[in-house]
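A short write-up of the structure that comes next.
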Amino acid sequence: MESTSAVNEKQSERSSLDELNAAKEFVGRHIGPSTEELREMVRLLGLGSVEELITETVPESVLRPGVLDLPDSRSEADVMAELKRLASANQVYRSYIGLGYAASQPPPVVLRNVLENPGWYTAYTPYQAEISQGRLEALVNFQTMVIDLTGMEIANASLLDEATAAAEGMALCRAVERDEKRNRFWVSSACLPQTIDVVRTRARPLGIEVSVGEESDFEFDGSLLGVLLQYPAADGSLSDPSPTID
């Protein structure tokens, strides 16, 4: 084991906390060019100021001359109070549209460990002020769970609406199928109408033929690229999809 004096000597060689913070270096890297750097940039462009650069760059139809007529600045507390006042005027009604648009109750274990866990949504880097890394990890975990539950070799997951997720699933089928003769995507008529419409729209530029029909009339053939089923159905009915899957 190292002696106490040796440990203290190593600690004294380390940078101080103020040096490790390096606040000035951080500002210089992430806050943008300084006033002197801006002057040098416009000088190399043969211009006199940033305003002159904007005037020569932005079209006249877009450029707004003069100073914006803005109200006096307000504190964050004042603005939040005003927003709450405006929001209190909203009237919340129960929606009966159905068709996939319904209230849901996320399980508390999901809320606590995913949606309310800052490890999922905090930025990984100073210049990446978004949740892309955390959401990708969440999607991978979700896809892995779906593969385990369904026994399939692959699964896709979408951050968008259900209809777009279905269209992405169809595109995935097209991407992994090497036989060009398999070009028909069969969709159950029990799917939500907006899902069927989005699948048809996405299929058009991909050159995929979309067939919509009753599950009871489904027949497998060599042209089939993939199948889209929905459970529960658009009308809320529950039917066993095993015969169609088999």
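Chain labels A, B, ... are given in the sequence in which chains occur in the structure tokens; within each chain residues are numbered consecutively from 1, and ligands are likewise numbered from 1 in the order shown.
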
*asked:* When DSSP is applied to the backbone of this structure, which of stretch 13-242 of chain A are assigned helix (DSSP H, G or I)? Write them out as an MDAnalysis selection string.
replied: chainID A and resid 13 17:21 23:30 35:44 50:57 76:87 108:115 118:121 132:150 162:176 193:206 215:217 242

*Apply DSSP to the backbone of this structure and, from stretch 6-240 of chain A, keep only the residues in strand (DSSP E or B); write these as a PyMOL selection string.*
chain A and resi 98+101+184-188+209-213+224-228

Could you please take those selected residues and save N, CA, C and O atoms as a compact mmCIF listing (two decimals), in the first residue's frame?
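Now in out.txt:
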# COMPACT_ATOMS: atom_id res chain seq x y z
N GLY A 98 -62.61 7.36 -30.60
CA GLY A 98 -62.17 5.97 -30.67
C GLY A 98 -61.09 5.79 -31.73
O GLY A 98 -60.23 6.65 -31.90
N TYR A 101 -57.61 6.33 -30.69
CA TYR A 101 -57.37 7.53 -29.91
C TYR A 101 -58.15 7.42 -28.60
O TYR A 101 -59.36 7.68 -28.57
N ARG A 184 -46.54 -8.25 -52.49
CA ARG A 184 -47.90 -7.93 -52.06
C ARG A 184 -47.97 -7.93 -50.55
O ARG A 184 -47.55 -8.88 -49.89
N PHE A 185 -48.47 -6.83 -50.00
CA PHE A 185 -48.62 -6.68 -48.56
C PHE A 185 -50.10 -6.75 -48.23
O PHE A 185 -50.89 -5.92 -48.68
N TRP A 186 -50.47 -7.77 -47.43
CA TRP A 186 -51.89 -7.98 -47.12
C TRP A 186 -52.24 -7.32 -45.80
O TRP A 186 -51.53 -7.50 -44.80
N VAL A 187 -53.34 -6.55 -45.77
CA VAL A 187 -53.77 -5.81 -44.59
C VAL A 187 -55.18 -6.24 -44.22
O VAL A 187 -56.07 -6.27 -45.07
N SER A 188 -55.38 -6.56 -42.96
CA SER A 188 -56.71 -6.93 -42.50
C SER A 188 -57.63 -5.71 -42.50
O SER A 188 -57.23 -4.61 -42.10
N GLU A 209 -47.71 -3.61 -53.69
CA GLU A 209 -49.14 -3.80 -53.89
C GLU A 209 -49.79 -4.10 -52.54
O GLU A 209 -49.38 -5.02 -51.84
N VAL A 210 -50.80 -3.33 -52.17
CA VAL A 210 -51.49 -3.51 -50.90
C VAL A 210 -52.86 -4.14 -51.14
O VAL A 210 -53.65 -3.64 -51.94
N SER A 211 -53.13 -5.25 -50.45
CA SER A 211 -54.43 -5.91 -50.52
C SER A 211 -55.09 -5.83 -49.16
O SER A 211 -54.45 -6.12 -48.14
N VAL A 212 -56.36 -5.42 -49.13
CA VAL A 212 -57.12 -5.31 -47.89
C VAL A 212 -58.30 -6.27 -47.95
O VAL A 212 -59.03 -6.31 -48.94
N GLY A 213 -58.47 -7.06 -46.90
CA GLY A 213 -59.56 -8.03 -46.92
C GLY A 213 -59.87 -8.57 -45.54
O GLY A 213 -59.20 -8.24 -44.55
N LEU A 224 -46.78 -13.01 -51.46
CA LEU A 224 -46.99 -12.30 -50.21
C LEU A 224 -45.67 -11.80 -49.63
O LEU A 224 -44.71 -12.55 -49.45
N LEU A 225 -45.65 -10.49 -49.33
CA LEU A 225 -44.49 -9.86 -48.72
C LEU A 225 -44.61 -9.79 -47.21
O LEU A 225 -43.63 -9.95 -46.48
N GLY A 226 -45.81 -9.57 -46.72
CA GLY A 226 -46.05 -9.48 -45.29
C GLY A 226 -47.53 -9.35 -45.01
O GLY A 226 -48.34 -9.16 -45.93
N VAL A 227 -47.89 -9.46 -43.74
CA VAL A 227 -49.29 -9.40 -43.32
C VAL A 227 -49.41 -8.45 -42.13
O VAL A 227 -48.56 -8.45 -41.23
N LEU A 228 -50.46 -7.63 -42.14
CA LEU A 228 -50.73 -6.72 -41.04
C LEU A 228 -52.07 -7.09 -40.40
O LEU A 228 -53.12 -7.02 -41.05

*Work out how far apart atom CA of A:Glu51 and atom CA of A:His30 are and give it in Å to one decimal.*
22.3 Å

*State, in Å with one decimal place, the distance from atom CA of A:Met152 to atom CA of A:Val198.*
24.3 Å
